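Q: Here's a structure for you.
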Amino acid sequence: TEIYTLSLHDALPISQDLKYPDDKFTHSFTNFALMAIPDPVKAAKQIYRTLKPGGTAAITTWKHLGYMVIFHDAQRKVKPDSTFLPGPRAIADEWMGETKFRSTLEAAGFQAKNIEITTETAVMSSDTWGKGLELMKNALVNDVVQGWTDKEKDAYSVALKEQLEQENANPRPTEMVAWVAVTRKEPLDGTHIWCGGAFGLCQQRIAVLLGVTK
């Protein structure tokens, strides 16, 4: 078994032009990356190209981002009539539905009859999001307050801080729901695996589901 992995940070720049040869991998995992790539069809075509005939691709995107409820609740305190985003603006809303995901895979060359899309849900306590959101909080805040007045932005910063403190004091369950696509071709012969994207635990879980382990 040969396994090649890239982090999400490393995978995004090269995902649209993988340097691996055609028909290289029997299994390809791409986790929570496709929806963030500028040209997702081109990236999906690379997944298709580098799979061996008989290969299997497992690809995940987000359906529901549970942590957004924290931003929404803070938003209600300041500007309840404003638009509530389902996720970062960098991820188009259409990715939260199955149609965009499926059409991207079909455009890449995968046959509709060979694409199976299901969901996986993880429930996380809201008090875990304080540190978890630290790296992306500023970007998310900027997304939420786009077009707001300076006074409204200042008020939102205060409201969000209070909301995070409230989540720490009185945590609640939040759901993270993923779309999981598994597309298969023909029987396998030998094992070479490509893993691109984030959430290594999810990669391990998918590997177990497919019967492929290190």
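By convention here, the chains of the structure tokens are called A, B, ... in the order presented, each chain's residues are numbered starting at 1, and ligands are numbered starting at 1 in the order presented.
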So that I can see what lies close to range 68-77 of chain A, please list as JSON, numbers by chain the residues with an atom at most 7 Å from it, counting only C-alpha atoms and leaving out residues fewer than 5 positions away in the same chain.
A: {"A": [84, 86, 87, 156, 159, 160, 163]}
Q: Could you pull the residues within 10 Å of Ala107 in chain A, counting only C-alpha atoms, minus those fewer than 5 positions along the same chain, as a PyMOL selection string?
A: chain A and resi 40-42+44-45+102+112
Q: Would you pick out the contacts of Lys153 in chain A at 9 Å or less, using only C-alpha atoms, so that residues sharing its chain but fewer than 6 positions from it are not included, and give the list as a PDB file with N, CA and C atoms, in the first residue's frame?
A:
```pdb
ATOM      1  N   VAL A  78     -28.059  42.586  17.194  1.00  0.00           N
ATOM      2  CA  VAL A  78     -27.647  43.864  16.613  1.00  0.00           C
ATOM      3  C   VAL A  78     -28.490  44.242  15.401  1.00  0.00           C
ATOM      4  N   VAL A 141     -16.477  37.222  10.642  1.00  0.00           N
ATOM      5  CA  VAL A 141     -17.068  38.491  11.098  1.00  0.00           C
ATOM      6  C   VAL A 141     -17.154  39.467   9.931  1.00  0.00           C
ATOM      7  N   ASN A 142     -16.094  39.562   9.159  1.00  0.00           N
ATOM      8  CA  ASN A 142     -16.102  40.459   7.990  1.00  0.00           C
ATOM      9  C   ASN A 142     -17.195  40.067   6.999  1.00  0.00           C
ATOM     10  N   VAL A 145     -20.687  41.229   8.604  1.00  0.00           N
ATOM     11  CA  VAL A 145     -20.946  42.671   8.727  1.00  0.00           C
ATOM     12  C   VAL A 145     -20.699  43.423   7.425  1.00  0.00           C
ATOM     13  N   GLN A 146     -20.554  42.713   6.333  1.00  0.00           N
ATOM     14  CA  GLN A 146     -20.341  43.380   5.042  1.00  0.00           C
ATOM     15  C   GLN A 146     -21.489  44.352   4.757  1.00  0.00           C
TER      16      GLN A 146
END
```
Q: Mind pulling up the distance from CA of Asp17 in chain A to CA of Thr104 in chain A?
A: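 Computing the Euclidean distance for CA of Thr104 in chain A and CA of Asp17 in chain A yields 16.6 Å.
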Q: Could you tell me which of A:Thr50, A:Ser28, A:Thr61, A:Thr118 comes closest to Glu94 in chain A if we count only C-alpha atoms?
A: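 Selected residue with least distance to Glu94 in chain A: A:Thr61.
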Q: Can you check which residues of range 17-199 of chain A DSSP gives as helix (DSSP H, G or I) on the backbone and send them as an MDAnalysis selection string?
A: chainID A and resid 34:36 40:50 68:78 93:96 98:108 112:114 126:132 137:144 150:169
Q: Could you write those residues out with C-alpha atoms, as a PDB file, in the first residue's frame?
A:
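out13.pdb, freshly written:
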```
ATOM      1  CA  LEU A  34     -13.542  20.976  -3.334  1.00  0.00           C
ATOM      2  CA  MET A  35     -16.022  23.732  -2.395  1.00  0.00           C
ATOM      3  CA  ALA A  36     -13.144  26.123  -1.571  1.00  0.00           C
ATOM      4  CA  PRO A  40     -13.876  22.873  -8.599  1.00  0.00           C
ATOM      5  CA  VAL A  41     -14.640  21.138 -11.902  1.00  0.00           C
ATOM      6  CA  LYS A  42     -10.997  21.350 -12.940  1.00  0.00           C
ATOM      7  CA  ALA A  43      -9.951  19.959  -9.562  1.00  0.00           C
ATOM      8  CA  ALA A  44     -12.497  17.133  -9.803  1.00  0.00           C
ATOM      9  CA  LYS A  45     -11.170  16.305 -13.274  1.00  0.00           C
ATOM     10  CA  GLN A  46      -7.738  15.855 -11.686  1.00  0.00           C
ATOM     11  CA  ILE A  47      -9.226  13.393  -9.205  1.00  0.00           C
ATOM     12  CA  TYR A  48     -10.813  11.512 -12.090  1.00  0.00           C
ATOM     13  CA  ARG A  49      -7.652  11.601 -14.220  1.00  0.00           C
ATOM     14  CA  THR A  50      -5.354  10.257 -11.502  1.00  0.00           C
ATOM     15  CA  MET A  68     -22.742  29.536  12.349  1.00  0.00           C
ATOM     16  CA  VAL A  69     -25.556  29.576  14.938  1.00  0.00           C
ATOM     17  CA  ILE A  70     -23.173  31.438  17.254  1.00  0.00           C
ATOM     18  CA  PHE A  71     -22.692  34.193  14.669  1.00  0.00           C
ATOM     19  CA  HIS A  72     -26.420  34.243  13.914  1.00  0.00           C
ATOM     20  CA  ASP A  73     -27.410  34.654  17.570  1.00  0.00           C
ATOM     21  CA  ALA A  74     -24.996  37.555  17.976  1.00  0.00           C
ATOM     22  CA  GLN A  75     -26.369  39.011  14.748  1.00  0.00           C
ATOM     23  CA  ARG A  76     -29.954  38.900  16.049  1.00  0.00           C
ATOM     24  CA  LYS A  77     -28.957  41.150  18.937  1.00  0.00           C
ATOM     25  CA  VAL A  78     -27.647  43.864  16.613  1.00  0.00           C
ATOM     26  CA  ASP A  93     -24.385  28.799  -0.822  1.00  0.00           C
ATOM     27  CA  GLU A  94     -25.147  26.275  -3.580  1.00  0.00           C
ATOM     28  CA  TRP A  95     -22.483  23.954  -2.161  1.00  0.00           C
ATOM     29  CA  MET A  96     -24.749  23.350   0.842  1.00  0.00           C
ATOM     30  CA  GLU A  98     -26.439  18.114  -3.224  1.00  0.00           C
ATOM     31  CA  THR A  99     -27.072  19.362  -6.775  1.00  0.00           C
ATOM     32  CA  LYS A 100     -23.886  21.432  -7.044  1.00  0.00           C
ATOM     33  CA  PHE A 101     -21.784  18.608  -5.649  1.00  0.00           C
ATOM     34  CA  ARG A 102     -23.223  15.994  -7.986  1.00  0.00           C
ATOM     35  CA  SER A 103     -23.073  18.170 -11.103  1.00  0.00           C
ATOM     36  CA  THR A 104     -19.407  18.981 -10.408  1.00  0.00           C
ATOM     37  CA  LEU A 105     -18.508  15.304 -10.216  1.00  0.00           C
ATOM     38  CA  GLU A 106     -20.452  14.521 -13.381  1.00  0.00           C
ATOM     39  CA  ALA A 107     -18.748  17.391 -15.210  1.00  0.00           C
ATOM     40  CA  ALA A 108     -15.412  15.879 -14.177  1.00  0.00           C
ATOM     41  CA  ALA A 112     -24.167   9.604 -12.543  1.00  0.00           C
ATOM     42  CA  LYS A 113     -24.997   5.946 -11.893  1.00  0.00           C
ATOM     43  CA  ASN A 114     -21.645   5.500 -10.132  1.00  0.00           C
ATOM     44  CA  SER A 126     -20.753  24.839  21.349  1.00  0.00           C
ATOM     45  CA  ASP A 127     -18.155  25.609  24.006  1.00  0.00           C
ATOM     46  CA  THR A 128     -15.512  23.949  21.825  1.00  0.00           C
ATOM     47  CA  TRP A 129     -15.870  26.560  19.096  1.00  0.00           C
ATOM     48  CA  GLY A 130     -14.110  29.429  20.883  1.00  0.00           C
ATOM     49  CA  LYS A 131     -10.631  28.103  20.091  1.00  0.00           C
ATOM     50  CA  GLY A 132     -11.768  26.219  17.028  1.00  0.00           C
ATOM     51  CA  LYS A 137     -13.292  34.265  13.200  1.00  0.00           C
ATOM     52  CA  ASN A 138     -12.106  37.556  11.722  1.00  0.00           C
ATOM     53  CA  ALA A 139     -12.919  36.442   8.183  1.00  0.00           C
ATOM     54  CA  LEU A 140     -16.366  35.245   9.272  1.00  0.00           C
ATOM     55  CA  VAL A 141     -17.068  38.491  11.098  1.00  0.00           C
ATOM     56  CA  ASN A 142     -16.102  40.459   7.990  1.00  0.00           C
ATOM     57  CA  ASP A 143     -18.491  38.295   5.969  1.00  0.00           C
ATOM     58  CA  VAL A 144     -21.365  38.905   8.393  1.00  0.00           C
ATOM     59  CA  ASP A 150     -19.142  51.250  11.762  1.00  0.00           C
ATOM     60  CA  LYS A 151     -21.487  51.573  14.729  1.00  0.00           C
ATOM     61  CA  GLU A 152     -23.221  48.305  13.817  1.00  0.00           C
ATOM     62  CA  LYS A 153     -19.866  46.569  13.330  1.00  0.00           C
ATOM     63  CA  ASP A 154     -18.671  47.681  16.761  1.00  0.00           C
ATOM     64  CA  ALA A 155     -21.910  46.513  18.332  1.00  0.00           C
ATOM     65  CA  TYR A 156     -21.573  43.153  16.611  1.00  0.00           C
ATOM     66  CA  SER A 157     -18.044  42.644  17.952  1.00  0.00           C
ATOM     67  CA  VAL A 158     -19.365  43.137  21.467  1.00  0.00           C
ATOM     68  CA  ALA A 159     -22.375  40.882  20.855  1.00  0.00           C
ATOM     69  CA  LEU A 160     -20.202  38.094  19.417  1.00  0.00           C
ATOM     70  CA  LYS A 161     -17.817  38.240  22.370  1.00  0.00           C
ATOM     71  CA  GLU A 162     -20.770  37.976  24.750  1.00  0.00           C
ATOM     72  CA  GLN A 163     -22.225  35.110  22.718  1.00  0.00           C
ATOM     73  CA  LEU A 164     -18.990  33.132  22.857  1.00  0.00           C
ATOM     74  CA  GLU A 165     -18.842  33.673  26.616  1.00  0.00           C
ATOM     75  CA  GLN A 166     -22.429  32.443  26.865  1.00  0.00           C
ATOM     76  CA  GLU A 167     -21.566  29.306  24.889  1.00  0.00           C
ATOM     77  CA  ASN A 168     -18.734  28.591  27.333  1.00  0.00           C
ATOM     78  CA  ALA A 169     -21.024  29.061  30.315  1.00  0.00           C
TER      79      ALA A 169
END
```
Q: Grab the CA of Ile115 in chain A to CA of Val177 in chain A distance for me, in Å with one decimal place.
A: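 Between these atoms lies a distance of 18.9 Å.
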Q: Rounded to one decimal, what separation in Å do you get between CA of Ala57 in chain A and CA of Asp39 in chain A?
A: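 Pair CA of Ala57 in chain A / CA of Asp39 in chain A returns 18.3 Å.
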